[in-house]
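Student: Following this line is target03.cif, made up of mmCIF, C-alpha atoms and all ligand atoms:
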```cif
data_run
loop_
_atom_site.group_PDB
_atom_site.id
_atom_site.type_symbol
_atom_site.label_atom_id
_atom_site.label_comp_id
_atom_site.auth_asym_id
_atom_site.auth_seq_id
_atom_site.Cartn_x
_atom_site.Cartn_y
_atom_site.Cartn_z
ATOM 1 C CA MET A 1 18.845 69.485 -90.169
ATOM 2 C CA GLY A 2 18.320 73.278 -90.058
ATOM 3 C CA ARG A 3 19.870 76.268 -91.792
ATOM 4 C CA ILE A 4 22.563 77.088 -89.221
ATOM 5 C CA TYR A 5 23.551 73.423 -88.919
ATOM 6 C CA ASP A 6 23.669 73.028 -92.724
ATOM 7 C CA ALA A 7 25.784 76.168 -93.159
ATOM 8 C CA THR A 8 28.295 75.092 -90.493
ATOM 9 C CA TRP A 9 28.647 71.412 -89.630
ATOM 10 C CA GLY A 10 26.772 70.311 -92.782
ATOM 11 C CA ARG A 11 29.302 72.191 -94.891
ATOM 12 C CA ALA A 12 32.251 70.778 -92.915
ATOM 13 C CA PHE A 13 30.781 67.257 -93.120
ATOM 14 C CA SER A 14 30.831 67.332 -96.911
ATOM 15 C CA ALA A 15 34.394 68.738 -96.899
ATOM 16 C CA LEU A 16 35.581 65.954 -94.560
ATOM 17 C CA TYR A 17 33.520 63.170 -96.113
ATOM 18 C CA ASP A 18 36.065 61.588 -98.460
ATOM 19 C CA ALA A 19 38.884 61.767 -95.905
ATOM 20 C CA GLY A 20 36.573 60.371 -93.208
ATOM 21 C CA PHE A 21 35.713 57.326 -95.339
ATOM 22 C CA LYS A 22 39.213 56.749 -96.752
ATOM 23 C CA ALA A 23 40.117 53.950 -94.333
ATOM 24 C CA SER A 24 36.775 52.180 -94.904
ATOM 25 C CA GLU A 25 37.075 52.521 -98.681
ATOM 26 C CA GLU A 26 40.594 51.107 -98.677
ATOM 27 C CA ALA A 27 39.683 48.288 -96.280
ATOM 28 C CA GLY A 28 36.966 46.927 -98.554
ATOM 29 C CA LEU A 29 34.122 49.392 -99.020
ATOM 30 C CA ARG A 30 35.349 50.439 -102.429
ATOM 31 C CA GLU A 31 35.453 46.807 -103.580
ATOM 32 C CA MET A 32 31.935 46.272 -102.216
ATOM 33 C CA ARG A 33 30.766 49.274 -104.227
ATOM 34 C CA ARG A 34 32.483 47.993 -107.372
ATOM 35 C CA GLU A 35 30.988 44.525 -106.984
ATOM 36 C CA LEU A 36 27.500 45.938 -106.322
ATOM 37 C CA LEU A 37 27.637 48.155 -109.389
ATOM 38 C CA THR A 38 28.427 45.272 -111.727
ATOM 39 C CA GLY A 39 24.669 44.681 -111.369
ATOM 40 C CA ALA A 40 23.803 48.090 -112.845
ATOM 41 C CA GLY A 41 22.395 48.147 -116.356
ATOM 42 C CA GLY A 42 20.474 50.423 -118.695
ATOM 43 C CA ARG A 43 19.517 53.875 -117.411
ATOM 44 C CA VAL A 44 20.614 54.293 -113.792
ATOM 45 C CA VAL A 45 19.493 56.653 -111.034
ATOM 46 C CA GLU A 46 21.609 56.982 -107.887
ATOM 47 C CA LEU A 47 20.059 58.605 -104.802
ATOM 48 C CA GLY A 48 22.123 60.675 -102.382
ATOM 49 C CA ALA A 49 25.236 60.455 -104.541
ATOM 50 C CA GLY A 50 27.172 62.596 -102.048
ATOM 51 C CA THR A 51 30.702 63.413 -103.182
ATOM 52 C CA GLY A 52 30.522 60.822 -105.981
ATOM 53 C CA ALA A 53 32.162 57.803 -104.361
ATOM 54 C CA ASN A 54 30.499 55.468 -106.883
ATOM 55 C CA LEU A 55 31.069 57.586 -109.973
ATOM 56 C CA GLU A 56 34.108 55.806 -111.404
ATOM 57 C CA LEU A 57 32.881 52.345 -110.432
ATOM 58 C CA TYR A 58 29.928 51.993 -112.800
ATOM 59 C CA PRO A 59 30.391 49.592 -115.683
ATOM 60 C CA ASP A 60 30.878 51.332 -119.041
ATOM 61 C CA SER A 61 27.925 49.342 -120.388
ATOM 62 C CA ILE A 62 25.267 51.475 -118.620
ATOM 63 C CA SER A 63 23.329 53.691 -121.020
ATOM 64 C CA GLY A 64 22.840 56.698 -118.742
ATOM 65 C CA LEU A 65 23.422 57.926 -115.188
ATOM 66 C CA VAL A 66 21.496 60.473 -113.118
ATOM 67 C CA LEU A 67 22.908 61.427 -109.713
ATOM 68 C CA VAL A 68 20.366 62.776 -107.233
ATOM 69 C CA GLU A 69 21.760 64.918 -104.414
ATOM 70 C CA PRO A 70 19.830 67.633 -102.524
ATOM 71 C CA ASP A 71 22.638 68.946 -100.295
ATOM 72 C CA PRO A 72 24.331 71.977 -101.940
ATOM 73 C CA HIS A 73 27.685 71.324 -100.249
ATOM 74 C CA MET A 74 27.739 67.713 -101.418
ATOM 75 C CA THR A 75 26.503 68.767 -104.870
ATOM 76 C CA LYS A 76 29.399 71.201 -105.241
ATOM 77 C CA ARG A 77 31.899 68.381 -104.640
ATOM 78 C CA LEU A 78 29.933 66.018 -106.867
ATOM 79 C CA ARG A 79 30.060 68.550 -109.725
ATOM 80 C CA GLU A 80 33.819 68.959 -109.264
ATOM 81 C CA LYS A 81 34.352 65.179 -109.331
ATOM 82 C CA LEU A 82 32.118 64.788 -112.364
ATOM 83 C CA GLY A 83 33.951 67.623 -114.140
ATOM 84 C CA ALA A 84 37.270 65.848 -113.623
ATOM 85 C CA SER A 85 35.876 62.499 -114.786
ATOM 86 C CA ALA A 86 35.380 60.979 -118.220
ATOM 87 C CA ARG A 87 32.024 59.639 -116.986
ATOM 88 C CA GLN A 88 28.940 61.271 -118.453
ATOM 89 C CA ALA A 89 26.171 61.886 -115.892
ATOM 90 C CA GLU A 90 23.464 64.375 -115.010
ATOM 91 C CA ILE A 91 23.039 65.797 -111.516
ATOM 92 C CA ALA A 92 19.545 66.411 -110.131
ATOM 93 C CA GLU A 93 19.388 68.585 -107.018
ATOM 94 C CA ALA A 94 16.269 67.022 -105.544
ATOM 95 C CA PRO A 95 15.215 65.027 -102.493
ATOM 96 C CA ALA A 96 14.780 61.284 -102.906
ATOM 97 C CA GLU A 97 11.229 61.605 -101.627
ATOM 98 C CA ARG A 98 10.186 63.781 -104.606
ATOM 99 C CA LEU A 99 12.080 62.721 -107.696
ATOM 100 C CA PRO A 100 11.664 64.998 -110.735
ATOM 101 C CA PHE A 101 11.460 62.079 -113.183
ATOM 102 C CA ALA A 102 8.748 60.383 -115.216
ATOM 103 C CA ASP A 103 7.237 57.069 -114.176
ATOM 104 C CA ALA A 104 9.077 53.943 -115.373
ATOM 105 C CA SER A 105 12.022 55.916 -116.766
ATOM 106 C CA PHE A 106 14.981 53.988 -115.248
ATOM 107 C CA ASP A 107 16.234 50.389 -115.259
ATOM 108 C CA THR A 108 18.436 50.428 -112.136
ATOM 109 C CA ALA A 109 18.435 52.408 -108.895
ATOM 110 C CA VAL A 110 21.428 52.650 -106.568
ATOM 111 C CA VAL A 111 21.556 53.629 -102.885
ATOM 112 C CA THR A 112 24.772 53.401 -100.887
ATOM 113 C CA LEU A 113 24.806 54.665 -97.282
ATOM 114 C CA VAL A 114 21.768 56.798 -98.050
ATOM 115 C CA LEU A 115 18.631 55.204 -96.602
ATOM 116 C CA CYS A 116 20.171 55.829 -93.162
ATOM 117 C CA THR A 117 20.030 59.564 -93.856
ATOM 118 C CA VAL A 118 17.003 60.410 -96.016
ATOM 119 C CA PRO A 119 14.302 61.817 -93.738
ATOM 120 C CA ASP A 120 11.629 59.446 -95.099
ATOM 121 C CA PRO A 121 13.116 56.186 -96.434
ATOM 122 C CA ARG A 122 9.683 54.675 -97.154
ATOM 123 C CA ALA A 123 8.796 57.610 -99.394
ATOM 124 C CA ALA A 124 12.206 57.413 -101.104
ATOM 125 C CA ILE A 125 11.741 53.716 -101.888
ATOM 126 C CA ALA A 126 8.173 54.364 -103.091
ATOM 127 C CA GLU A 127 9.559 57.011 -105.453
ATOM 128 C CA LEU A 128 12.088 54.485 -106.767
ATOM 129 C CA ALA A 129 9.254 52.034 -107.362
ATOM 130 C CA ARG A 130 7.525 54.760 -109.396
ATOM 131 C CA VAL A 131 10.502 55.789 -111.540
ATOM 132 C CA LEU A 132 11.852 52.271 -112.186
ATOM 133 C CA LYS A 133 10.446 50.060 -114.906
ATOM 134 C CA PRO A 134 8.718 46.849 -113.762
ATOM 135 C CA GLY A 135 11.449 44.286 -113.153
ATOM 136 C CA GLY A 136 13.932 47.103 -112.463
ATOM 137 C CA ARG A 137 16.615 46.526 -109.851
ATOM 138 C CA LEU A 138 17.446 48.350 -106.662
ATOM 139 C CA LEU A 139 21.112 47.895 -105.673
ATOM 140 C CA PHE A 140 22.027 48.781 -102.108
ATOM 141 C CA ILE A 141 24.783 48.958 -99.523
ATOM 142 C CA GLU A 142 23.405 50.289 -96.234
ATOM 143 C CA HIS A 143 24.503 50.245 -92.633
ATOM 144 C CA VAL A 144 21.632 49.064 -90.483
ATOM 145 C CA ARG A 145 20.221 48.204 -87.072
ATOM 146 C CA GLY A 146 22.226 45.517 -85.315
ATOM 147 C CA GLU A 147 21.350 42.555 -83.124
ATOM 148 C CA PRO A 148 19.365 43.422 -79.954
ATOM 149 C CA GLY A 149 22.357 44.206 -77.704
ATOM 150 C CA LEU A 150 23.856 46.652 -80.204
ATOM 151 C CA ALA A 151 20.439 47.979 -81.240
ATOM 152 C CA ARG A 152 19.837 49.166 -77.657
ATOM 153 C CA TRP A 153 22.969 51.325 -77.940
ATOM 154 C CA GLN A 154 21.996 52.450 -81.436
ATOM 155 C CA ASP A 155 18.644 53.604 -80.008
ATOM 156 C CA ARG A 156 20.292 55.362 -77.049
ATOM 157 C CA LEU A 157 22.894 57.139 -79.195
ATOM 158 C CA GLU A 158 20.709 57.807 -82.230
ATOM 159 C CA ARG A 159 20.249 61.531 -81.509
ATOM 160 C CA PRO A 160 23.858 62.524 -80.859
ATOM 161 C CA TRP A 161 24.976 60.329 -83.777
ATOM 162 C CA ARG A 162 22.405 61.975 -86.051
ATOM 163 C CA PHE A 163 23.806 65.369 -85.041
ATOM 164 C CA LEU A 164 27.397 64.322 -85.736
ATOM 165 C CA GLY A 165 26.514 62.361 -88.861
ATOM 166 C CA ASP A 166 24.642 65.029 -90.821
ATOM 167 C CA GLY A 167 21.260 63.395 -90.288
ATOM 168 C CA CYS A 168 22.380 59.737 -90.261
ATOM 169 C CA HIS A 169 20.101 57.422 -88.231
ATOM 170 C CA CYS A 170 22.275 54.589 -86.923
ATOM 171 C CA ASN A 171 19.350 52.383 -85.856
ATOM 172 C CA ARG A 172 17.254 51.920 -89.010
ATOM 173 C CA ASP A 173 16.013 48.476 -89.999
ATOM 174 C CA THR A 174 16.393 49.200 -93.694
ATOM 175 C CA LEU A 175 15.975 45.637 -94.919
ATOM 176 C CA THR A 176 12.532 45.455 -93.301
ATOM 177 C CA THR A 177 11.666 48.755 -95.002
ATOM 178 C CA ILE A 178 12.725 47.364 -98.391
ATOM 179 C CA GLU A 179 10.829 44.110 -97.753
ATOM 180 C CA ALA A 180 7.674 46.086 -96.959
ATOM 181 C CA SER A 181 7.897 47.954 -100.279
ATOM 182 C CA ALA A 182 7.118 46.984 -103.876
ATOM 183 C CA PHE A 183 10.666 45.559 -104.136
ATOM 184 C CA GLU A 184 11.522 41.959 -103.424
ATOM 185 C CA PRO A 185 15.049 41.420 -102.104
ATOM 186 C CA SER A 186 16.729 38.808 -104.293
ATOM 187 C CA ALA A 187 20.237 38.592 -102.901
ATOM 188 C CA VAL A 188 21.190 40.088 -99.559
ATOM 189 C CA GLU A 189 24.461 39.659 -97.686
ATOM 190 C CA HIS A 190 24.884 40.693 -94.067
ATOM 191 C CA GLY A 191 28.340 41.930 -93.154
ATOM 192 C CA LYS A 192 30.267 44.797 -91.630
ATOM 193 C CA LEU A 193 31.188 48.272 -92.776
ATOM 194 C CA PRO A 194 35.002 48.043 -92.749
ATOM 195 C CA LYS A 195 36.879 50.198 -90.228
ATOM 196 C CA ALA A 196 33.647 51.611 -88.825
ATOM 197 C CA LEU A 197 32.549 52.315 -85.272
ATOM 198 C CA PRO A 198 30.376 49.490 -83.854
ATOM 199 C CA LEU A 199 27.337 51.793 -83.954
ATOM 200 C CA VAL A 200 27.363 51.835 -87.768
ATOM 201 C CA GLU A 201 29.105 48.549 -88.445
ATOM 202 C CA PRO A 202 26.220 46.179 -89.346
ATOM 203 C CA LEU A 203 25.839 46.277 -93.118
ATOM 204 C CA ILE A 204 23.505 44.892 -95.750
ATOM 205 C CA ARG A 205 24.372 44.735 -99.416
ATOM 206 C CA GLY A 206 22.512 43.261 -102.294
ATOM 207 C CA SER A 207 19.690 43.820 -104.711
ATOM 208 C CA ALA A 208 15.919 43.833 -104.878
ATOM 209 C CA VAL A 209 13.631 43.520 -107.879
ATOM 210 C CA LEU A 210 10.579 45.670 -108.525
ATOM 211 C CA GLY A 211 7.457 43.578 -108.892
ATOM 212 C CA GLY A 212 5.434 44.154 -112.038
HETATM 213 C C1 LIG B 301 26.376 59.204 -95.863
HETATM 214 S S1 LIG B 301 26.141 60.121 -97.323
HETATM 215 C C2 LIG B 301 26.377 58.875 -98.598
HETATM 216 C C3 LIG B 301 26.934 59.419 -99.867
HETATM 217 C C4 LIG B 301 27.210 58.396 -100.976
HETATM 218 N N1 LIG B 301 25.997 57.750 -101.389
HETATM 219 C C5 LIG B 301 28.234 57.363 -100.587
HETATM 220 O O1 LIG B 301 27.991 56.176 -100.781
HETATM 221 O O2 LIG B 301 29.300 57.762 -100.120
HETATM 222 C C6 LIG B 301 24.374 60.363 -97.363
HETATM 223 C C7 LIG B 301 23.940 61.216 -98.528
HETATM 224 O O3 LIG B 301 22.508 61.256 -98.578
HETATM 225 C C8 LIG B 301 22.143 62.571 -98.944
HETATM 226 N N2 LIG B 301 20.748 62.838 -98.573
HETATM 227 C C9 LIG B 301 20.275 63.323 -97.400
HETATM 228 N N3 LIG B 301 18.945 63.501 -97.479
HETATM 229 C C10 LIG B 301 18.572 63.130 -98.711
HETATM 230 C C11 LIG B 301 17.323 63.093 -99.396
HETATM 231 N N4 LIG B 301 16.192 63.475 -98.824
HETATM 232 N N5 LIG B 301 17.343 62.677 -100.673
HETATM 233 C C12 LIG B 301 18.485 62.255 -101.289
HETATM 234 N N6 LIG B 301 19.686 62.267 -100.679
HETATM 235 C C13 LIG B 301 19.729 62.702 -99.414
HETATM 236 C C14 LIG B 301 23.146 63.433 -98.202
HETATM 237 O O4 LIG B 301 23.178 64.751 -98.692
HETATM 238 C C15 LIG B 301 24.420 62.645 -98.448
HETATM 239 O O5 LIG B 301 25.027 63.034 -99.633
#
```
So, in terms of structure tokens, how does the structure I just supplied come out?

Tutor:
Amino acid sequence: MGRIYDATWGRAFSALYDAGFKASEEAGLREMRRELLTGAGGRVVELGAGTGANLELYPDSISGLVLVEPDPHMTKRLREKLGASARQAEIAEAPAERLPFADASFDTAVVTLVLCTVPDPRAAIAELARVLKPGGRLLFIEHVRGEPGLARWQDRLERPWRFLGDGCHCNRDTLTTIEASAFEPSAVEHGKLPKALPLVEPLIRGSAVLGG
């Protein structure tokens, strides 16, 4: 968003993040995360891991976990949470659009509330298609563009919301972006982000499989 923004509101955003999402987590988001992550297997990469909201929810059966997070303020909190956890994971301070990993080196990729924020979601998904093995799974929970009446407001308020939301675009049609990629959605549920403002309420959650 810019250096002054990142050093001021960006820093505050990461400090307020967990408290800001507490009501949503308690009203169902945490259970949605847990249910989604039952689909994780093998070596897992999570993009935009933020403060580590998913960290404790992975099944013990996964063989490895790499958390990608480019924001230094978020990364600081992620490191603290990881340090206090029994979970073993690596942190990679890198943007989703340029992942520092070999081709076909992961089995599962996870994005939760991230494709709204990455500057180039198409490039991020293309990178996931590169680093996942053929047949690998993308697991997602994303807030998305709503039906036409709401979408008009999401378009009108996209800029101020992006400023408040540390780069979050409230009007992205993320499912269409996934469908246009090398991934094929296999199970998608449409719902609502619990206890959220209408602008960011429409939600998709599910999985997509990488074609071989
Ligand atoms: C709304 S937060 C979601 C955090 C976490 N995934 C969750 O479910 O609570 C969006 C996250 O995406 C990260 N992000 C922004 N741009 C990114 C990029 N280019 N690559 C990877 N992550 C990015 C932000 O730093 C932030 O941690």

Student: When you look at Ala129 of chain A with a cut-off of 12 Å (counting only C-alpha atoms), what residues show up, excluding the ones that are within fewer than 3 positions of it in the same chain? I need them as number ranges by chain.

Tutor: A: 45, 96-97, 99, 101-109, 122-126, 132-138, 178, 181-184, 208-212

Student: Would you translate the PyMOL selection byres (((not hetatm)) within 9 of (chain B and resi 301)) into the concrete set of residues it matches in this file, as a ChimeraX atom specification?

Tutor: /A:10,14,17-18,21,33,46-54,68-75,93-99,110-121,124,141-142,165-168

Student: Calculated over only C-alpha atoms, which of the candidates A:Ser61, A:Ser24, A:Gln88, A:Thr177 has the smallest distance to Glu201 of chain A?

Tutor: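 Answer, going by the shortest atom-to-atom distance: A:Ser24.
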
Student: Report, in Å with one decimal, the straight-line distance from atom CA of Ala89 of chain A to atom CA of Leu65 of chain A.

Tutor: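 Spanning atom CA of Ala89 of chain A to atom CA of Leu65 of chain A is a straight-line distance of 4.9 Å.
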
Student: Taking the file above as input, evaluate the PyMOL selection byres (((chain A and resi 64) around 6) and not hetatm) and report the hits as a ChimeraX atom specification.

Tutor: /A:43-44,62-63,65

Student: For a quick check of understanding, using all atoms listed in the file, which of A:Phe140, A:Leu36, A:Val200, A:Ala187 has the smallest distance to Asp155 of chain A?

Tutor: A:Val200

Student: Taking all listed atoms of segment 159-163 of chain A, build the axis-aligned box, pad each of the six sides by 4 Å, then write its centre and edge lengths in Å to one decimal as lines of an AutoDock Vina configuration file.

Tutor:
```
center_x = 22.6
center_y = 62.8
center_z = -83.5
size_x = 12.7
size_y = 13.0
size_z = 13.2
```

Student: How far is it from atom CA of Leu150 of chain A to atom CA of Thr176 of chain A, in Å with one decimal?

Tutor: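 Spanning atom CA of Leu150 of chain A to atom CA of Thr176 of chain A is a straight-line distance of 17.4 Å.
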
Student: What does the distance from atom CA of Pro160 of chain A to atom CA of Asp6 of chain A come to in Å, to one decimal?

Tutor: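 The value is 15.8 Å.
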
Student: Nearest residue to Met32 of chain A out of A:Leu139, A:Val144, A:Leu157, A:Glu80, using all atoms listed in the file?

Tutor: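 Between A:Leu139, A:Val144, A:Leu157, A:Glu80, the residue approaching Met32 of chain A most closely is A:Leu139.
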
Student: Using all atoms listed in the file, which of the listed residues (A:Pro100, A:Gly28, A:Gly2, A:Gly41) sits closest to Val131 of chain A?

Tutor: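 Of all the options, A:Pro100 lies closest to Val131 of chain A.
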
Student: From the list A:Ala15, A:Ile4, A:Leu197, A:Ala180, which residue is nearest Arg77 of chain A when using only C-alpha atoms?

Tutor: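 Among A:Ala15, A:Ile4, A:Leu197, A:Ala180, it is A:Ala15 that comes nearest to Arg77 of chain A.
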
Student: Using only C-alpha atoms, which residue out of A:Leu82, A:Cys170, A:Ala19, A:Leu37 lies closest to Gly206 of chain A?

Tutor: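 Closest to Gly206 of chain A of all the choices is A:Leu37.
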